[in-house]
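Listing of work-v8.cif; format and content: mmCIF, N, CA and C atoms.
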```cif
data_coords
#
loop_
_atom_site.label_atom_id
_atom_site.label_comp_id
_atom_site.auth_asym_id
_atom_site.auth_seq_id
_atom_site.Cartn_x
_atom_site.Cartn_y
_atom_site.Cartn_z
N MET A 1 -131.70 31.12 159.36
CA MET A 1 -130.64 30.45 160.10
C MET A 1 -130.45 29.05 159.53
N ASP A 2 -129.25 28.59 159.52
CA ASP A 2 -128.91 27.30 158.96
C ASP A 2 -129.44 26.17 159.85
N ASP A 3 -129.90 25.07 159.24
CA ASP A 3 -130.46 23.96 159.99
C ASP A 3 -129.44 23.23 160.87
N LYS A 4 -128.17 23.29 160.49
CA LYS A 4 -127.17 22.57 161.28
C LYS A 4 -127.02 23.18 162.69
N HIS A 5 -127.42 24.42 162.87
CA HIS A 5 -127.35 25.05 164.19
C HIS A 5 -128.57 24.72 165.04
N ASN A 6 -129.65 24.32 164.43
CA ASN A 6 -130.88 24.03 165.14
C ASN A 6 -131.06 22.56 165.46
N LYS A 7 -130.33 21.70 164.79
CA LYS A 7 -130.51 20.27 164.94
C LYS A 7 -129.86 19.77 166.23
N ILE A 8 -130.60 18.93 166.95
CA ILE A 8 -130.06 18.33 168.17
C ILE A 8 -129.19 17.15 167.75
N ARG A 9 -127.97 17.15 168.21
CA ARG A 9 -127.03 16.09 167.85
C ARG A 9 -127.30 14.85 168.69
N PHE A 10 -126.70 13.74 168.26
CA PHE A 10 -126.84 12.49 169.00
C PHE A 10 -126.22 12.65 170.37
N PRO A 11 -126.92 12.25 171.43
CA PRO A 11 -126.41 12.38 172.80
C PRO A 11 -125.39 11.28 173.12
N LEU A 12 -124.23 11.38 172.53
CA LEU A 12 -123.21 10.33 172.64
C LEU A 12 -122.78 10.10 174.09
N TRP A 13 -122.54 11.18 174.82
CA TRP A 13 -122.06 11.02 176.19
C TRP A 13 -123.11 10.33 177.06
N SER A 14 -124.37 10.68 176.89
CA SER A 14 -125.45 10.02 177.64
C SER A 14 -125.57 8.56 177.24
N TYR A 15 -125.40 8.28 175.97
CA TYR A 15 -125.47 6.90 175.47
C TYR A 15 -124.35 6.05 176.08
N LEU A 16 -123.15 6.61 176.12
CA LEU A 16 -122.01 5.85 176.65
C LEU A 16 -122.04 5.72 178.17
N ASN A 17 -122.73 6.61 178.85
CA ASN A 17 -122.78 6.58 180.31
C ASN A 17 -124.06 5.98 180.87
N GLN A 18 -124.69 5.11 180.12
CA GLN A 18 -125.87 4.43 180.63
C GLN A 18 -125.46 3.49 181.75
N PRO A 19 -126.27 3.41 182.81
CA PRO A 19 -125.94 2.47 183.88
C PRO A 19 -126.12 1.03 183.41
N LEU A 20 -125.10 0.21 183.64
CA LEU A 20 -125.13 -1.17 183.16
C LEU A 20 -125.94 -2.09 184.06
N PHE A 21 -125.84 -1.90 185.36
CA PHE A 21 -126.45 -2.84 186.30
C PHE A 21 -127.52 -2.16 187.16
N SER A 22 -128.36 -1.36 186.54
CA SER A 22 -129.39 -0.64 187.26
C SER A 22 -130.74 -1.33 187.06
N ARG A 23 -131.47 -1.49 188.15
CA ARG A 23 -132.82 -2.07 188.04
C ARG A 23 -133.84 -1.02 187.65
N ASP A 24 -133.52 0.25 187.91
CA ASP A 24 -134.47 1.34 187.65
C ASP A 24 -134.52 1.70 186.16
N GLN A 25 -133.38 1.67 185.48
CA GLN A 25 -133.33 2.07 184.08
C GLN A 25 -132.97 0.88 183.21
N LYS A 26 -133.59 0.83 182.05
CA LYS A 26 -133.30 -0.24 181.10
C LYS A 26 -132.15 0.20 180.20
N LEU A 27 -131.21 -0.68 179.98
CA LEU A 27 -130.09 -0.40 179.09
C LEU A 27 -130.57 -0.49 177.65
N GLU A 28 -130.37 0.57 176.89
CA GLU A 28 -130.79 0.60 175.48
C GLU A 28 -129.55 0.58 174.61
N LEU A 29 -129.35 -0.51 173.89
CA LEU A 29 -128.16 -0.66 173.05
C LEU A 29 -128.37 -0.15 171.63
N ASN A 30 -129.59 -0.04 171.18
CA ASN A 30 -129.88 0.48 169.85
C ASN A 30 -129.73 2.00 169.87
N PRO A 31 -128.76 2.55 169.15
CA PRO A 31 -128.53 4.00 169.19
C PRO A 31 -129.72 4.83 168.70
N ARG A 32 -130.42 4.36 167.70
CA ARG A 32 -131.58 5.12 167.21
C ARG A 32 -132.70 5.15 168.24
N ARG A 33 -132.95 4.03 168.86
CA ARG A 33 -133.98 3.95 169.90
C ARG A 33 -133.58 4.80 171.10
N PHE A 34 -132.30 4.75 171.49
CA PHE A 34 -131.82 5.56 172.59
C PHE A 34 -132.00 7.05 172.29
N ALA A 35 -131.64 7.48 171.08
CA ALA A 35 -131.77 8.89 170.71
C ALA A 35 -133.23 9.32 170.74
N TYR A 36 -134.13 8.45 170.29
CA TYR A 36 -135.56 8.76 170.32
C TYR A 36 -136.05 8.94 171.76
N ILE A 37 -135.71 8.01 172.63
CA ILE A 37 -136.11 8.08 174.04
C ILE A 37 -135.51 9.31 174.70
N TRP A 38 -134.25 9.62 174.40
CA TRP A 38 -133.58 10.78 174.98
C TRP A 38 -134.25 12.08 174.54
N ARG A 39 -134.60 12.17 173.25
CA ARG A 39 -135.26 13.38 172.75
C ARG A 39 -136.65 13.57 173.34
N VAL A 40 -137.37 12.47 173.52
CA VAL A 40 -138.69 12.57 174.16
C VAL A 40 -138.52 13.06 175.60
N GLY A 41 -137.53 12.54 176.30
CA GLY A 41 -137.25 13.00 177.66
C GLY A 41 -136.85 14.47 177.70
N LEU A 42 -136.05 14.90 176.73
CA LEU A 42 -135.66 16.31 176.64
C LEU A 42 -136.88 17.20 176.42
N LEU A 43 -137.77 16.78 175.54
CA LEU A 43 -138.98 17.53 175.28
C LEU A 43 -139.85 17.62 176.54
N GLU A 44 -139.97 16.52 177.28
CA GLU A 44 -140.76 16.53 178.52
C GLU A 44 -140.13 17.44 179.57
N ARG A 45 -138.80 17.41 179.69
CA ARG A 45 -138.13 18.28 180.66
C ARG A 45 -138.31 19.75 180.28
N CYS A 46 -138.23 20.07 179.00
CA CYS A 46 -138.43 21.45 178.56
C CYS A 46 -139.88 21.89 178.77
N TRP A 47 -140.81 20.98 178.57
CA TRP A 47 -142.23 21.29 178.73
C TRP A 47 -142.56 21.65 180.17
N HIS A 48 -141.93 20.95 181.12
CA HIS A 48 -142.21 21.16 182.54
C HIS A 48 -141.38 22.27 183.16
N LYS A 49 -140.41 22.79 182.44
CA LYS A 49 -139.53 23.83 182.97
C LYS A 49 -140.26 25.16 183.03
N GLU A 50 -140.06 25.87 184.10
CA GLU A 50 -140.67 27.19 184.29
C GLU A 50 -139.86 28.22 183.50
N CYS A 51 -140.53 29.05 182.78
CA CYS A 51 -139.84 30.07 181.97
C CYS A 51 -139.86 31.39 182.72
N ASP A 52 -138.68 31.95 182.98
CA ASP A 52 -138.56 33.21 183.68
C ASP A 52 -138.57 34.40 182.72
N ALA A 53 -138.49 34.16 181.44
CA ALA A 53 -138.38 35.25 180.46
C ALA A 53 -139.75 35.78 180.01
N LYS A 54 -140.79 35.41 180.70
CA LYS A 54 -142.12 35.84 180.30
C LYS A 54 -142.35 37.32 180.57
N GLY A 55 -141.64 37.87 181.52
CA GLY A 55 -141.82 39.27 181.87
C GLY A 55 -142.95 39.44 182.88
N PRO A 56 -143.26 40.67 183.21
CA PRO A 56 -144.31 40.89 184.21
C PRO A 56 -145.67 40.48 183.69
N GLN A 57 -146.44 39.87 184.56
CA GLN A 57 -147.79 39.43 184.22
C GLN A 57 -148.77 40.59 184.33
N GLN A 58 -149.60 40.75 183.35
CA GLN A 58 -150.61 41.80 183.39
C GLN A 58 -151.97 41.15 183.58
N HIS A 59 -152.75 41.72 184.49
CA HIS A 59 -154.08 41.15 184.76
C HIS A 59 -155.16 41.97 184.15
#
```
Could you render the structure as structure tokens?
Amino acid sequence: MDDKHNKIRFPLWSYLNQPLFSRDQKLELNPRRFAYIWRVGLLERCWHKECDAKGPQQH
């Protein structure tokens, strides 16, 4: 499979919709740093997600 289909693109919409006046989240203006933080968050969300495709459990 071609790498262009597997590569995660820059999260432009998330970058542009950062909260400007939020005390909870820090505004990240550096696009590379934002993409790094976003990808780490994506990896953490995927890691904690329950997978339903495992099929029946055998004991």
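One distance worth recording is that between CA of Leu20 in chain A and CA of His48 in chain A, which is 28.1 Å.
Note that CA of Glu50 in chain A and CA of Leu12 in chain A are 26.9 Å apart.
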Selection result for the PyMOL selection byres (((chain A and resi 28-44 and name CA) around 9) and name CA) on this file, as a list in words:
Ile8, Phe10, Pro11, Leu12, Ser14, Tyr15, Gln18, Lys26, Leu27, Arg45, Cys46, Trp47, His48 and Lys49 of chain A
To one decimal in Å, tell me the separation between CA of Gln25 in chain A and atom C of Arg9 in chain A.
20.9 Å
